[in-house]
$ cat query21.txt   # compact mmCIF, C-alpha atoms
# COMPACT_ATOMS: atom_id res chain seq x y z
CA MET A 1 77.16 67.28 100.88
CA ASP A 2 76.50 70.80 102.08
CA ASN A 3 74.50 73.42 100.22
CA ASN A 4 77.29 76.00 100.20
CA THR A 5 78.64 75.89 96.63
CA GLN A 6 80.63 79.12 96.91
CA LYS A 7 84.30 78.71 97.80
CA SER A 8 85.47 80.54 100.84
CA GLY A 9 87.17 83.75 99.81
CA SER A 10 85.54 84.03 96.38
CA ASN A 11 83.20 86.81 95.39
CA VAL A 12 81.10 85.53 92.50
CA GLY A 13 78.83 88.60 92.41
CA GLY A 14 81.82 90.91 92.18
CA ILE A 15 83.39 88.87 89.39
CA VAL A 16 80.15 88.73 87.38
CA GLY A 17 79.67 92.48 87.87
CA LEU A 18 83.24 93.16 86.76
CA VAL A 19 82.89 91.02 83.62
CA CYS A 20 79.55 92.65 82.71
CA GLY A 21 81.07 96.10 83.26
CA ILE A 22 84.09 95.35 81.08
CA ILE A 23 81.92 93.96 78.27
CA SER A 24 79.56 96.94 78.43
CA ILE A 25 82.45 99.40 78.16
CA VAL A 26 84.25 97.52 75.39
CA LEU A 27 81.17 97.11 73.18
CA TYR A 28 79.21 100.32 73.88
CA TRP A 29 80.43 102.03 70.70
CA VAL A 30 79.04 99.33 68.36
CA PRO A 31 75.66 100.74 67.25
CA TRP A 32 73.75 97.47 67.16
CA PHE A 33 75.05 96.32 70.56
CA ASN A 34 73.94 99.42 72.49
CA ILE A 35 70.80 97.84 73.92
CA ILE A 36 72.68 94.66 74.85
CA THR A 37 75.44 96.60 76.59
CA LEU A 38 72.85 98.73 78.35
CA ILE A 39 71.26 95.58 79.78
CA LEU A 40 74.69 94.14 80.65
CA GLY A 41 75.57 97.34 82.48
CA ILE A 42 72.40 97.16 84.57
CA VAL A 43 73.01 93.47 85.33
CA GLY A 44 76.59 94.36 86.28
CA ILE A 45 75.37 97.04 88.68
CA VAL A 46 72.99 94.59 90.38
CA PHE A 47 75.62 91.87 90.74
CA SER A 48 78.28 94.31 91.93
CA VAL A 49 76.02 95.68 94.66
CA LYS A 50 75.20 92.13 95.78
CA GLY A 51 78.89 91.26 95.60
CA ARG A 52 79.77 94.22 97.83
CA LYS A 53 77.19 93.12 100.40
CA ASN A 54 78.27 89.47 100.41
CA ALA A 55 82.03 89.98 100.10
CA PRO A 56 83.92 87.58 102.36
CA GLY A 57 86.28 89.26 104.78
CA GLY A 58 85.41 92.76 103.60
CA LYS A 59 87.22 92.26 100.28
CA THR A 60 85.11 94.46 98.03
CA GLY A 61 87.72 95.47 95.43
CA LEU A 62 86.34 93.40 92.53
CA ALA A 63 82.78 94.39 93.30
CA THR A 64 83.69 98.08 93.52
CA ALA A 65 85.57 97.95 90.22
CA GLY A 66 82.62 96.13 88.66
CA LEU A 67 80.23 98.74 90.01
CA VAL A 68 82.26 101.63 88.61
CA LEU A 69 82.74 99.99 85.20
CA SER A 70 79.07 98.98 85.02
CA ILE A 71 77.90 102.51 85.82
CA ILE A 72 80.24 103.97 83.19
CA GLY A 73 79.17 101.34 80.65
CA THR A 74 75.48 101.94 81.36
CA VAL A 75 75.81 105.69 80.93
CA LEU A 76 77.84 105.40 77.73
CA SER A 77 75.50 102.75 76.31
CA GLY A 78 72.47 104.89 77.13
CA ILE A 79 74.01 107.89 75.39
CA GLY A 80 74.95 105.71 72.42
CA PHE A 81 71.47 104.22 72.20
CA ILE A 82 69.79 107.63 72.30
CA THR A 83 72.11 109.16 69.71
CA CYS A 84 71.82 106.12 67.42
CA THR A 85 68.03 106.25 67.68
CA LEU A 86 68.03 109.98 66.90
CA CYS A 87 70.37 109.47 63.96
CA VAL A 88 68.21 106.73 62.44
CA THR A 89 65.07 108.81 62.98
CA CYS A 90 66.61 111.84 61.30
CA ALA A 91 67.82 109.76 58.38
CA ALA A 92 64.38 108.18 57.96
CA THR A 93 62.58 111.50 58.01
CA ALA A 94 65.11 113.13 55.67
CA THR A 95 64.48 110.56 52.96
CA ALA A 96 60.70 110.57 53.37
CA PRO A 97 58.85 112.28 50.50
CA TYR A 98 57.31 115.63 51.29
CA TYR A 99 53.81 116.34 50.04
CA TYR A 100 52.99 120.00 49.62

$ encode --input "query21.txt" --output "structure tokens"
Amino acid sequence: MDNNTQKSGSNVGGIVGLVCGIISIVLYWVPWFNIITLILGIVGIVFSVKGRKNAPGGKTGLATAGLVLSIIGTVLSGIGFITCTLCVTCAATATAPYYY
């Protein structure tokens, strides 16, 4: 039994990066999932870059799509996380009692 578990012609890193990128884009707008989608976007970027390097036969289409979607998902999730944090902070300070 050989140690090569990857099928010839498959790009596991590209597929994982693509799935992480799709999930991060689909769920970025849900306020409580922003940090999870931010992490998924970063993981997708890492796997997509590795998938582009290790692509068999120069087939980097899945990895490139995963890289693009992961970058977009990471940026949108980061913006969503920052705006959600600011919104919660403003709401908390607006309801705090003022002592004069």

$ atom_distance --input "query21.txt" --atom1 "CA of Lys53 in chain A" --atom2 "CA of Val75 in chain A"
23.2 Å

$ closest_residue --input "query21.txt" --among "A:Gly51, A:Gly66, A:Gly73, A:Gly58" --to "Val12 in chain A" --atoms "all atoms listed in the file"
A:Gly51

$ closest_atom_pairs --input "query21.txt" --of "range 43-77 of chain A" --to "range 28-39 of chain A" --cutoff "10 Å" --atoms "all atoms listed in the file" --output "Markdown table"
| residue | atom | partner | partner_atom | distance |
| --- | --- | --- | --- | --- |
| A:Val43 | CA | A:Ile39 | CA | 6.2 |
| A:Gly44 | CA | A:Ile39 | CA | 8.5 |
| A:Ile45 | CA | A:Ile39 | CA | 9.9 |
| A:Ser70 | CA | A:Leu38 | CA | 9.1 |
| A:Ile71 | CA | A:Leu38 | CA | 9.8 |
| A:Gly73 | CA | A:Tyr28 | CA | 6.8 |
| A:Thr74 | CA | A:Leu38 | CA | 5.1 |
| A:Val75 | CA | A:Leu38 | CA | 8.0 |
| A:Leu76 | CA | A:Tyr28 | CA | 6.5 |
| A:Ser77 | CA | A:Tyr28 | CA | 5.1 |

$ closest_residue --input "query21.txt" --among "A:Ile82, A:Val49, A:Ile42, A:Val88" --to "Gly13 in chain A" --atoms "only C-alpha atoms"
A:Val49

$ atom_distance --input "query21.txt" --atom1 "CA of Thr95 in chain A" --atom2 "CA of Gly80 in chain A"
22.6 Å

$ atom_distance --input "query21.txt" --atom1 "CA of Pro56 in chain A" --atom2 "CA of Val19 in chain A"
19.1 Å

$ residues_around --input "query21.txt" --residues "Gly57 in chain A" --least-positions-apart "3" --cutoff "12 Å" --atoms "all atoms listed in the file" --output "MDAnalysis selection string"
chainID A and resid 8:11 51:54 60:61

$ closest_residue --input "query21.txt" --among "A:Val68, A:Ala63, A:Cys84, A:Cys90" --to "Ser24 in chain A" --atoms "only C-alpha atoms"
A:Val68
